[in-house]
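Below is the file run-v3.pdb, which contains PDB, C-alpha atoms.
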ATOM      1  CA  MET Q   9       0.000   0.000   0.000
ATOM      2  CA  ASN Q  10       2.846   2.375   0.909
ATOM      3  CA  THR Q  11       4.467   1.643  -2.454
ATOM      4  CA  ILE Q  12       1.242   2.552  -4.300
ATOM      5  CA  ASN Q  13       0.870   5.756  -2.228
ATOM      6  CA  SER Q  14       4.495   6.706  -2.897
ATOM      7  CA  LEU Q  15       4.052   6.060  -6.612
ATOM      8  CA  GLY Q  16       0.917   8.199  -6.640
ATOM      9  CA  ARG Q  17       2.801  10.990  -4.876
ATOM     10  CA  HIS Q  18       5.698  10.768  -7.332
ATOM     11  CA  PHE Q  19       3.269  10.862 -10.248
ATOM     12  CA  LYS Q  20       1.573  14.003  -8.888
ATOM     13  CA  GLU Q  21       4.960  15.633  -8.298
ATOM     14  CA  SER Q  22       6.063  14.864 -11.860
ATOM     15  CA  LEU Q  23       2.849  16.371 -13.298
ATOM     16  CA  LYS Q  24       3.267  19.485 -11.132
ATOM     17  CA  SER Q  25       6.868  19.812 -12.277
ATOM     18  CA  LEU Q  26       5.863  19.547 -15.954
ATOM     19  CA  ALA Q  27       3.171  22.202 -15.456
ATOM     20  CA  ARG Q  28       5.525  24.452 -13.455
ATOM     21  CA  ASN Q  29       8.310  24.308 -16.054
ATOM     22  CA  THR Q  30       6.107  24.976 -19.080
ATOM     23  CA  TRP Q  31       8.787  26.107 -21.509
ATOM     24  CA  MET Q  32      11.183  23.309 -20.617
ATOM     25  CA  THR Q  33       8.352  20.800 -20.931
ATOM     26  CA  PHE Q  34       7.456  22.223 -24.347
ATOM     27  CA  ALA Q  35      11.099  22.128 -25.457
ATOM     28  CA  SER Q  36      11.533  18.505 -24.354
ATOM     29  CA  ILE Q  37       8.300  17.330 -25.977
ATOM     30  CA  SER Q  38       9.182  19.225 -29.167
ATOM     31  CA  ALA Q  39      12.625  17.573 -29.295
ATOM     32  CA  VAL Q  40      11.056  14.128 -28.985
ATOM     33  CA  THR Q  41       8.265  14.960 -31.452
ATOM     34  CA  VAL Q  42      10.531  16.245 -34.235
ATOM     35  CA  THR Q  43      12.966  13.370 -33.860
ATOM     36  CA  LEU Q  44      10.243  10.703 -33.739
ATOM     37  CA  ILE Q  45       8.594  12.116 -36.865
ATOM     38  CA  LEU Q  46      11.928  11.607 -38.645
ATOM     39  CA  VAL Q  47      12.410   8.182 -37.039
ATOM     40  CA  GLY Q  48       8.836   7.171 -37.950
ATOM     41  CA  THR Q  49       9.338   8.317 -41.544
ATOM     42  CA  PHE Q  50      12.571   6.330 -41.860
ATOM     43  CA  ILE Q  51      10.990   3.252 -40.247
ATOM     44  CA  VAL Q  52       8.034   3.337 -42.676
ATOM     45  CA  ILE Q  53      10.335   3.787 -45.685
ATOM     46  CA  MET Q  54      12.868   1.173 -44.567
ATOM     47  CA  MET Q  55      10.278  -1.470 -43.646
ATOM     48  CA  ASN Q  56       8.608  -1.070 -47.043
ATOM     49  CA  LEU Q  57      11.993  -1.230 -48.781
ATOM     50  CA  ASN Q  58      12.851  -4.327 -46.737
ATOM     51  CA  ASN Q  59       9.560  -5.885 -47.792
ATOM     52  CA  PHE Q  60      10.376  -5.049 -51.420
ATOM     53  CA  ALA Q  61      13.873  -6.505 -50.990
ATOM     54  CA  ASP Q  62      12.460  -9.666 -49.404
ATOM     55  CA  ASN Q  63      10.084 -10.073 -52.331
ATOM     56  CA  LEU Q  64      12.975  -9.613 -54.763
ATOM     57  CA  GLU Q  65      15.078 -12.172 -52.920
ATOM     58  CA  ASN Q  66      12.186 -14.642 -52.774
ATOM     59  CA  ASP Q  67      11.692 -14.262 -56.534
ATOM     60  CA  VAL Q  68      15.223 -15.500 -57.160
ATOM     61  CA  GLU Q  69      15.049 -18.996 -58.638
ATOM     62  CA  VAL Q  70      17.229 -21.537 -60.380
ATOM     63  CA  ARG Q  71      15.990 -22.658 -63.801
ATOM     64  CA  VAL Q  72      17.364 -26.088 -64.662
ATOM     65  CA  HIS Q  73      17.107 -26.802 -68.399
ATOM     66  CA  ILE Q  74      16.775 -30.555 -68.872
ATOM     67  CA  ASP Q  75      18.759 -32.263 -71.618
ATOM     68  CA  LEU Q  76      16.636 -32.762 -74.758
ATOM     69  CA  THR Q  77      17.638 -36.433 -74.898
ATOM     70  CA  ALA Q  78      16.415 -37.185 -71.354
ATOM     71  CA  ASP Q  79      13.342 -39.428 -71.196
ATOM     72  CA  LYS Q  80      10.732 -39.455 -68.416
ATOM     73  CA  ALA Q  81      12.757 -41.836 -66.232
ATOM     74  CA  ALA Q  82      15.885 -39.690 -66.593
ATOM     75  CA  GLN Q  83      13.901 -36.558 -65.706
ATOM     76  CA  ASP Q  84      12.508 -38.226 -62.586
ATOM     77  CA  THR Q  85      16.019 -39.287 -61.556
ATOM     78  CA  LEU Q  86      17.296 -35.718 -62.015
ATOM     79  CA  ARG Q  87      14.392 -34.344 -59.966
ATOM     80  CA  GLN Q  88      15.138 -36.753 -57.123
ATOM     81  CA  GLU Q  89      18.806 -35.709 -57.128
ATOM     82  CA  ILE Q  90      17.810 -32.035 -56.961
ATOM     83  CA  GLU Q  91      15.294 -32.606 -54.152
ATOM     84  CA  ARG Q  92      17.976 -34.323 -52.079
ATOM     85  CA  ILE Q  93      19.908 -31.039 -51.793
ATOM     86  CA  PRO Q  94      19.256 -29.873 -48.182
ATOM     87  CA  GLU Q  95      18.909 -26.166 -49.092
ATOM     88  CA  ILE Q  96      16.079 -26.797 -51.599
ATOM     89  CA  GLU Q  97      12.584 -25.591 -50.707
ATOM     90  CA  SER Q  98      10.663 -26.624 -53.834
ATOM     91  CA  VAL Q  99      11.098 -28.104 -57.313
ATOM     92  CA  VAL Q 100       8.438 -27.388 -59.953
ATOM     93  CA  PHE Q 101       8.374 -28.951 -63.424
ATOM     94  CA  SER Q 102       7.610 -26.711 -66.413
ATOM     95  CA  SER Q 103       7.141 -28.447 -69.761
ATOM     96  CA  LYS Q 104       8.691 -27.083 -72.933
ATOM     97  CA  ASP Q 105       5.191 -26.306 -74.232
ATOM     98  CA  LYS Q 106       4.552 -24.210 -71.124
ATOM     99  CA  GLU Q 107       7.915 -22.505 -71.565
ATOM    100  CA  LEU Q 108       7.068 -21.601 -75.161
ATOM    101  CA  GLU Q 109       3.659 -20.292 -74.105
ATOM    102  CA  ASN Q 110       5.261 -18.097 -71.414
ATOM    103  CA  LEU Q 111       7.835 -16.817 -73.926
ATOM    104  CA  ILE Q 112       5.126 -15.819 -76.430
ATOM    105  CA  LYS Q 113       3.111 -14.062 -73.697
ATOM    106  CA  SER Q 114       6.136 -12.181 -72.362
ATOM    107  CA  LEU Q 115       6.970 -10.793 -75.837
ATOM    108  CA  GLY Q 116       3.421  -9.601 -76.573
ATOM    109  CA  ASP Q 117       2.850  -8.800 -80.251
ATOM    110  CA  GLU Q 118       6.497  -9.544 -80.993
ATOM    111  CA  GLY Q 119       5.982 -13.105 -79.790
ATOM    112  CA  GLU Q 120       3.573 -14.073 -82.577
ATOM    113  CA  PRO Q 121       6.332 -15.422 -84.906
ATOM    114  CA  PHE Q 122       7.303 -17.916 -82.180
ATOM    115  CA  GLN Q 123       3.899 -19.602 -82.538
ATOM    116  CA  LEU Q 124       5.389 -21.330 -85.592
ATOM    117  CA  PHE Q 125       7.470 -23.428 -83.167
ATOM    118  CA  GLN Q 126       4.403 -24.943 -81.498
ATOM    119  CA  GLN Q 127       4.522 -27.974 -83.795
ATOM    120  CA  GLU Q 128       8.247 -28.577 -83.341
ATOM    121  CA  ASN Q 129       9.197 -26.994 -80.036
ATOM    122  CA  PRO Q 130      12.994 -26.513 -79.731
ATOM    123  CA  LEU Q 131      12.902 -25.475 -76.047
ATOM    124  CA  ASN Q 132      13.890 -27.601 -73.073
ATOM    125  CA  ASP Q 133      11.713 -28.895 -70.276
ATOM    126  CA  VAL Q 134      12.645 -27.012 -67.111
ATOM    127  CA  PHE Q 135      12.797 -27.592 -63.363
ATOM    128  CA  ILE Q 136      12.161 -24.345 -61.445
ATOM    129  CA  VAL Q 137      14.062 -24.623 -58.166
ATOM    130  CA  LYS Q 138      13.542 -22.420 -55.090
ATOM    131  CA  ALA Q 139      16.017 -22.226 -52.223
ATOM    132  CA  LYS Q 140      15.013 -22.030 -48.550
ATOM    133  CA  ASP Q 141      17.489 -19.171 -48.227
ATOM    134  CA  PRO Q 142      17.880 -17.089 -51.432
ATOM    135  CA  HIS Q 143      21.538 -16.516 -50.565
ATOM    136  CA  ASP Q 144      22.177 -20.236 -51.214
ATOM    137  CA  THR Q 145      21.064 -19.858 -54.852
ATOM    138  CA  LYS Q 146      24.572 -19.755 -56.332
ATOM    139  CA  LYS Q 147      25.712 -22.795 -54.324
ATOM    140  CA  ILE Q 148      22.626 -24.788 -55.398
ATOM    141  CA  ALA Q 149      23.068 -23.831 -59.065
ATOM    142  CA  GLU Q 150      26.702 -24.899 -59.060
ATOM    143  CA  GLU Q 151      25.809 -28.277 -57.524
ATOM    144  CA  ILE Q 152      22.961 -28.926 -59.991
ATOM    145  CA  GLU Q 153      25.295 -28.166 -62.913
ATOM    146  CA  THR Q 154      27.237 -31.327 -62.041
ATOM    147  CA  PHE Q 155      24.179 -33.583 -62.338
ATOM    148  CA  LYS Q 156      23.632 -35.822 -65.345
ATOM    149  CA  ASN Q 157      20.961 -34.705 -67.894
ATOM    150  CA  THR Q 158      21.372 -31.051 -66.918
ATOM    151  CA  ALA Q 159      21.716 -29.065 -70.146
ATOM    152  CA  LYS Q 160      21.994 -25.586 -68.623
ATOM    153  CA  VAL Q 161      21.427 -23.864 -65.267
ATOM    154  CA  LYS Q 162      20.327 -20.224 -65.138
ATOM    155  CA  TYR Q 163      19.858 -18.092 -62.034
ATOM    156  CA  GLY Q 164      20.920 -14.593 -63.078
ATOM    157  CA  GLN Q 165      24.590 -15.137 -62.328
ATOM    158  CA  GLY Q 166      26.296 -11.873 -61.417
ATOM    159  CA  GLU Q 167      23.047  -9.935 -61.110
ATOM    160  CA  VAL Q 168      21.855 -11.983 -58.130
ATOM    161  CA  GLU Q 169      25.069 -11.313 -56.213
ATOM    162  CA  LYS Q 170      24.743  -7.567 -56.948
ATOM    163  CA  LEU Q 171      21.121  -7.639 -55.772
ATOM    164  CA  PHE Q 172      22.037  -9.230 -52.434
ATOM    165  CA  LYS Q 173      24.876  -6.739 -51.966
ATOM    166  CA  VAL Q 174      22.685  -3.674 -52.690
ATOM    167  CA  VAL Q 175      19.910  -4.978 -50.435
ATOM    168  CA  GLY Q 176      22.371  -5.611 -47.597
ATOM    169  CA  VAL Q 177      23.970  -2.160 -47.892
ATOM    170  CA  SER Q 178      20.595  -0.352 -48.030
ATOM    171  CA  ARG Q 179      19.364  -2.215 -44.949
ATOM    172  CA  ASN Q 180      22.517  -1.352 -42.995
ATOM    173  CA  ILE Q 181      22.346   2.322 -44.013
ATOM    174  CA  GLY Q 182      18.671   2.556 -43.027
ATOM    175  CA  LEU Q 183      19.274   0.864 -39.680
ATOM    176  CA  GLY Q 184      22.242   3.150 -39.016
ATOM    177  CA  LEU Q 185      20.184   6.275 -39.756
ATOM    178  CA  ILE Q 186      17.373   5.166 -37.437
ATOM    179  CA  ILE Q 187      19.802   4.359 -34.594
ATOM    180  CA  GLY Q 188      21.559   7.701 -35.164
ATOM    181  CA  LEU Q 189      18.268   9.606 -34.945
ATOM    182  CA  VAL Q 190      17.251   7.801 -31.747
ATOM    183  CA  PHE Q 191      20.575   8.648 -30.062
ATOM    184  CA  THR Q 192      20.254  12.251 -31.266
ATOM    185  CA  ALA Q 193      16.831  12.440 -29.606
ATOM    186  CA  MET Q 194      18.260  10.943 -26.409
ATOM    187  CA  PHE Q 195      21.016  13.573 -26.411
ATOM    188  CA  LEU Q 196      18.576  16.442 -27.013
ATOM    189  CA  ILE Q 197      16.106  15.439 -24.323
ATOM    190  CA  SER Q 198      18.924  14.627 -21.893
ATOM    191  CA  ASN Q 199      20.336  18.137 -22.258
ATOM    192  CA  THR Q 200      16.875  19.723 -22.070
ATOM    193  CA  ILE Q 201      15.987  17.832 -18.885
ATOM    194  CA  LYS Q 202      19.447  18.572 -17.505
ATOM    195  CA  ILE Q 203      18.632  22.284 -17.663
ATOM    196  CA  THR Q 204      15.370  21.654 -15.803
ATOM    197  CA  ILE Q 205      17.122  19.596 -13.133
ATOM    198  CA  PHE Q 206      19.916  22.193 -12.813
ATOM    199  CA  ALA Q 207      17.272  24.789 -11.961
ATOM    200  CA  ARG Q 208      16.073  22.425  -9.190
ATOM    201  CA  ARG Q 209      19.485  21.381  -7.892
ATOM    202  CA  ARG Q 210      18.888  23.251  -4.604
ATOM    203  CA  GLU Q 211      15.706  21.256  -4.079
ATOM    204  CA  ILE Q 212      17.585  17.995  -4.718
ATOM    205  CA  GLU Q 213      20.372  19.026  -2.305
ATOM    206  CA  ILE Q 214      17.869  19.780   0.471
ATOM    207  CA  MET Q 215      16.098  16.455  -0.096
ATOM    208  CA  LYS Q 216      19.455  14.659   0.152
ATOM    209  CA  LEU Q 217      20.388  16.529   3.349
ATOM    210  CA  VAL Q 218      17.127  15.584   5.083
ATOM    211  CA  GLY Q 219      17.710  11.912   4.316
ATOM    212  CA  ALA Q 220      15.871  11.214   1.046
ATOM    213  CA  THR Q 221      17.260   8.208  -0.795
ATOM    214  CA  ASN Q 222      18.511   8.401  -4.364
ATOM    215  CA  GLY Q 223      15.654   6.165  -5.454
ATOM    216  CA  PHE Q 224      13.060   8.470  -3.845
ATOM    217  CA  ILE Q 225      14.554  11.483  -5.653
ATOM    218  CA  ARG Q 226      14.844   9.670  -8.973
ATOM    219  CA  TRP Q 227      11.234   8.501  -9.205
ATOM    220  CA  PRO Q 228       9.596  11.877 -10.038
ATOM    221  CA  PHE Q 229      12.236  12.545 -12.700
ATOM    222  CA  PHE Q 230      11.829   9.007 -14.044
ATOM    223  CA  LEU Q 231       8.082   9.600 -14.425
ATOM    224  CA  GLU Q 232       8.688  13.077 -15.908
ATOM    225  CA  GLY Q 233      10.917  11.589 -18.594
ATOM    226  CA  LEU Q 234       8.401   8.804 -19.242
ATOM    227  CA  LEU Q 235       5.558  11.315 -19.667
ATOM    228  CA  LEU Q 236       7.674  13.604 -21.862
ATOM    229  CA  GLY Q 237       8.514  10.670 -24.117
ATOM    230  CA  ILE Q 238       4.901   9.499 -24.305
ATOM    231  CA  PHE Q 239       3.530  13.010 -24.976
ATOM    232  CA  GLY Q 240       6.257  13.546 -27.581
ATOM    233  CA  SER Q 241       5.243  10.379 -29.435
ATOM    234  CA  VAL Q 242       1.561  11.332 -29.835
ATOM    235  CA  ILE Q 243       1.961  13.639 -32.854
ATOM    236  CA  PRO Q 244       4.423  11.314 -34.689
ATOM    237  CA  ILE Q 245       1.989   8.411 -34.210
ATOM    238  CA  LEU Q 246      -0.887  10.485 -35.633
ATOM    239  CA  VAL Q 247       1.327  11.600 -38.535
ATOM    240  CA  VAL Q 248       2.203   7.977 -39.353
ATOM    241  CA  ILE Q 249      -1.407   6.749 -39.070
ATOM    242  CA  PHE Q 250      -2.995   9.445 -41.240
ATOM    243  CA  SER Q 251      -0.186   9.998 -43.772
ATOM    244  CA  TYR Q 252       0.324   6.265 -44.409
ATOM    245  CA  ASN Q 253      -3.432   5.841 -44.832
ATOM    246  CA  LEU Q 254      -3.457   8.599 -47.483
ATOM    247  CA  ILE Q 255      -0.408   7.191 -49.291
ATOM    248  CA  TYR Q 256      -1.677   3.590 -49.122
ATOM    249  CA  THR Q 257      -5.161   4.524 -50.386
ATOM    250  CA  TRP Q 258      -3.736   6.653 -53.209
ATOM    251  CA  ALA Q 259      -1.020   4.183 -54.289
ATOM    252  CA  LEU Q 260      -2.945   0.901 -54.014
ATOM    253  CA  PRO Q 261      -4.664   1.082 -57.464
ATOM    254  CA  TYR Q 262      -1.315   1.814 -59.161
ATOM    255  CA  LEU Q 263       0.605  -0.943 -57.363
ATOM    256  CA  GLN Q 264      -1.866  -3.833 -57.631
ATOM    257  CA  ASP Q 265      -0.194  -5.333 -60.690
ATOM    258  CA  GLY Q 266       3.165  -3.698 -60.189
ATOM    259  CA  PHE Q 267       6.569  -4.884 -59.074
ATOM    260  CA  PHE Q 268       6.508  -2.911 -55.806
ATOM    261  CA  GLU Q 269       3.855  -3.301 -53.122
ATOM    262  CA  LEU Q 270       3.288  -1.425 -49.870
ATOM    263  CA  LEU Q 271       2.890  -3.225 -46.567
ATOM    264  CA  PRO Q 272      -0.820  -3.561 -45.639
ATOM    265  CA  TYR Q 273      -2.143  -0.597 -43.615
ATOM    266  CA  ASN Q 274      -3.357  -2.887 -40.845
ATOM    267  CA  PRO Q 275      -1.454  -4.074 -38.798
ATOM    268  CA  PHE Q 276       1.611  -2.203 -40.116
ATOM    269  CA  VAL Q 277       0.750   1.314 -38.870
ATOM    270  CA  PHE Q 278      -0.207   0.014 -35.430
ATOM    271  CA  GLN Q 279       3.067  -1.889 -35.163
ATOM    272  CA  VAL Q 280       4.987   1.275 -36.088
ATOM    273  CA  SER Q 281       2.862   3.294 -33.631
ATOM    274  CA  ALA Q 282       3.664   0.894 -30.789
ATOM    275  CA  LEU Q 283       7.354   1.057 -31.714
ATOM    276  CA  LEU Q 284       7.320   4.882 -31.700
ATOM    277  CA  LEU Q 285       5.562   4.917 -28.314
ATOM    278  CA  PHE Q 286       8.204   2.562 -26.921
ATOM    279  CA  ILE Q 287      11.096   4.588 -28.395
ATOM    280  CA  GLY Q 288       9.570   7.828 -27.056
ATOM    281  CA  ALA Q 289       9.199   6.394 -23.549
ATOM    282  CA  LEU Q 290      12.729   4.955 -23.690
ATOM    283  CA  ILE Q 291      14.199   8.292 -24.834
ATOM    284  CA  GLY Q 292      12.402  10.177 -22.051
ATOM    285  CA  VAL Q 293      13.356   7.773 -19.257
ATOM    286  CA  TRP Q 294      16.966   7.484 -20.393
ATOM    287  CA  GLY Q 295      17.307  11.280 -20.729
ATOM    288  CA  SER Q 296      15.918  11.862 -17.237
ATOM    289  CA  LEU Q 297      17.990   9.216 -15.482
ATOM    290  CA  MET Q 298      21.230  10.287 -17.170
ATOM    291  CA  SER Q 299      20.598  13.926 -16.296
ATOM    292  CA  VAL Q 300      19.639  13.464 -12.653
ATOM    293  CA  ARG Q 301      22.522  11.121 -11.839
ATOM    294  CA  LYS Q 302      25.211  13.799 -11.485
ATOM    295  CA  PHE Q 303      23.064  15.916  -9.169
ATOM    296  CA  LEU Q 304      22.633  13.059  -6.674
ATOM    297  CA  LYS Q 305      26.283  13.355  -5.626
ATOM    298  CA  VAL Q 306      26.026  15.846  -2.782
TER     299      VAL Q 306
END

Show me, as structure tokens, the structure contained in the file I just sent.
Amino acid sequence: MNTINSLGRHFKESLKSLARNTWMTFASISAVTVTLILVGTFIVIMMNLNNFADNLENDVEVRVHIDLTADKAAQDTLRQEIERIPEIESVVFSSKDKELENLIKSLGDEGEPFQLFQQENPLNDVFIVKAKDPHDTKKIAEEIETFKNTAKVKYGQGEVEKLFKVVGVSRNIGLGLIIGLVFTAMFLISNTIKITIFARRREIEIMKLVGATNGFIRWPFFLEGLLLGIFGSVIPILVVIFSYNLIYTWALPYLQDGFFELLPYNPFVFQVSALLLFIGALIGVWGSLMSVRKFLKV
């Protein structure tokens, strides 16, 4: 009961302090708000780019062209050999007639001349192989090349490696920017709260002299930082919710059949909102505790 009463007292003290130091409160909340808007924007962009990159990576496949002389038994043997590779997720057979049909469709009007080959199809039957981990594609392709009745193996050699490299670099840059922004916000709010605490250093000294413990002194500042972080995250959360809704609604008709797709509005925006609320609270608490620590040494 005493703990609950003490917590209630600390909470009231923190609210009074925020109301009493209006300009400092406004400055702290503004620092969190501006930074979290930037962080939220980067998170939305990076998570959508990561989704796009994941889709690109998952589209990477190995196309195994089967030797024209291979009969049904030989094809089945080759398939079994491929399926025994531990890194393989799936193996799908595509007949040469299907391959020709896909070729004609992909070329549009220019594909009409290829219809002449429907009677005597020169293409190979194909096994379309997917890896559990797209990064194992090159290794799988090289192993399949050694199998009997494999005429040719195609997986976008060279381009696939470049794709993985670009995706990896972009992810690292995005993560670095987000971490940098979060630490910038922590620094800003720490300095802002430090000014507030400096103005109250006499109060802290008196509390220490009359026997107040460090924990008792810290609690109001802990709650102040928590509230500052939470209040500072409100506007960024609203910005993310409403702006992403507008963008998603506007872009959806254009992206339905396109190469790039946005993450679904629900639950994505609520996940980002929860993350921003957590980051805001963390920034506020960390800033308060770091700032008050030096003034507890009386």

Open item on the list: Which polymer residues, whether protein, DNA or RNA, lie within 12 Å of the coordinate (19.1, 3.8, -47.1) when you count only C-alpha atoms? List them as a count of residues only, using the chain letters and numbers from the file.
Closed with: 22

Apply the PyMOL selection byres ((chain Q and resi 151-161) around 8) to the displayed file and report the matching residues as a PDB file with C-alpha atoms, in the frame of the given file.
ATOM      1  CA  VAL Q  70      17.229 -21.537 -60.380  1.00  0.00           C
ATOM      2  CA  ARG Q  71      15.990 -22.658 -63.801  1.00  0.00           C
ATOM      3  CA  VAL Q  72      17.364 -26.088 -64.662  1.00  0.00           C
ATOM      4  CA  HIS Q  73      17.107 -26.802 -68.399  1.00  0.00           C
ATOM      5  CA  ILE Q  74      16.775 -30.555 -68.872  1.00  0.00           C
ATOM      6  CA  ASP Q  75      18.759 -32.263 -71.618  1.00  0.00           C
ATOM      7  CA  LEU Q  76      16.636 -32.762 -74.758  1.00  0.00           C
ATOM      8  CA  THR Q  77      17.638 -36.433 -74.898  1.00  0.00           C
ATOM      9  CA  ALA Q  78      16.415 -37.185 -71.354  1.00  0.00           C
ATOM     10  CA  ALA Q  82      15.885 -39.690 -66.593  1.00  0.00           C
ATOM     11  CA  GLN Q  83      13.901 -36.558 -65.706  1.00  0.00           C
ATOM     12  CA  LEU Q  86      17.296 -35.718 -62.015  1.00  0.00           C
ATOM     13  CA  GLU Q  89      18.806 -35.709 -57.128  1.00  0.00           C
ATOM     14  CA  ILE Q  90      17.810 -32.035 -56.961  1.00  0.00           C
ATOM     15  CA  LYS Q 147      25.712 -22.795 -54.324  1.00  0.00           C
ATOM     16  CA  ILE Q 148      22.626 -24.788 -55.398  1.00  0.00           C
ATOM     17  CA  ALA Q 149      23.068 -23.831 -59.065  1.00  0.00           C
ATOM     18  CA  GLU Q 150      26.702 -24.899 -59.060  1.00  0.00           C
ATOM     19  CA  LYS Q 162      20.327 -20.224 -65.138  1.00  0.00           C
ATOM     20  CA  TYR Q 163      19.858 -18.092 -62.034  1.00  0.00           C
TER      21      TYR Q 163
END

Open item on the list: List as a list of chain:residue names the protein and nucleic acid residues near Phe230 (chain Q), meaning an atom at most 7 Å away when only C-alpha atoms are counted, but skip any in the same chain fewer than 5 places from it.
Closed with: Q:Val293, Q:Ser296, Q:Leu297

Task: Residues selected by the PyMOL selection byres ((chain Q and resi 42) around 12), written as JSON, numbers by chain - done: {"Q": [34, 35, 36, 37, 38, 39, 40, 41, 43, 44, 45, 46, 47, 48, 49, 189, 190, 192, 193, 196, 197, 237, 240, 241, 242, 243, 244, 245, 247, 288]}

- [ ] Find the distance between CA of Val68 (chain Q) and CA of Thr145 (chain Q) and write it in Å to one decimal.
- [x] 7.6 Å
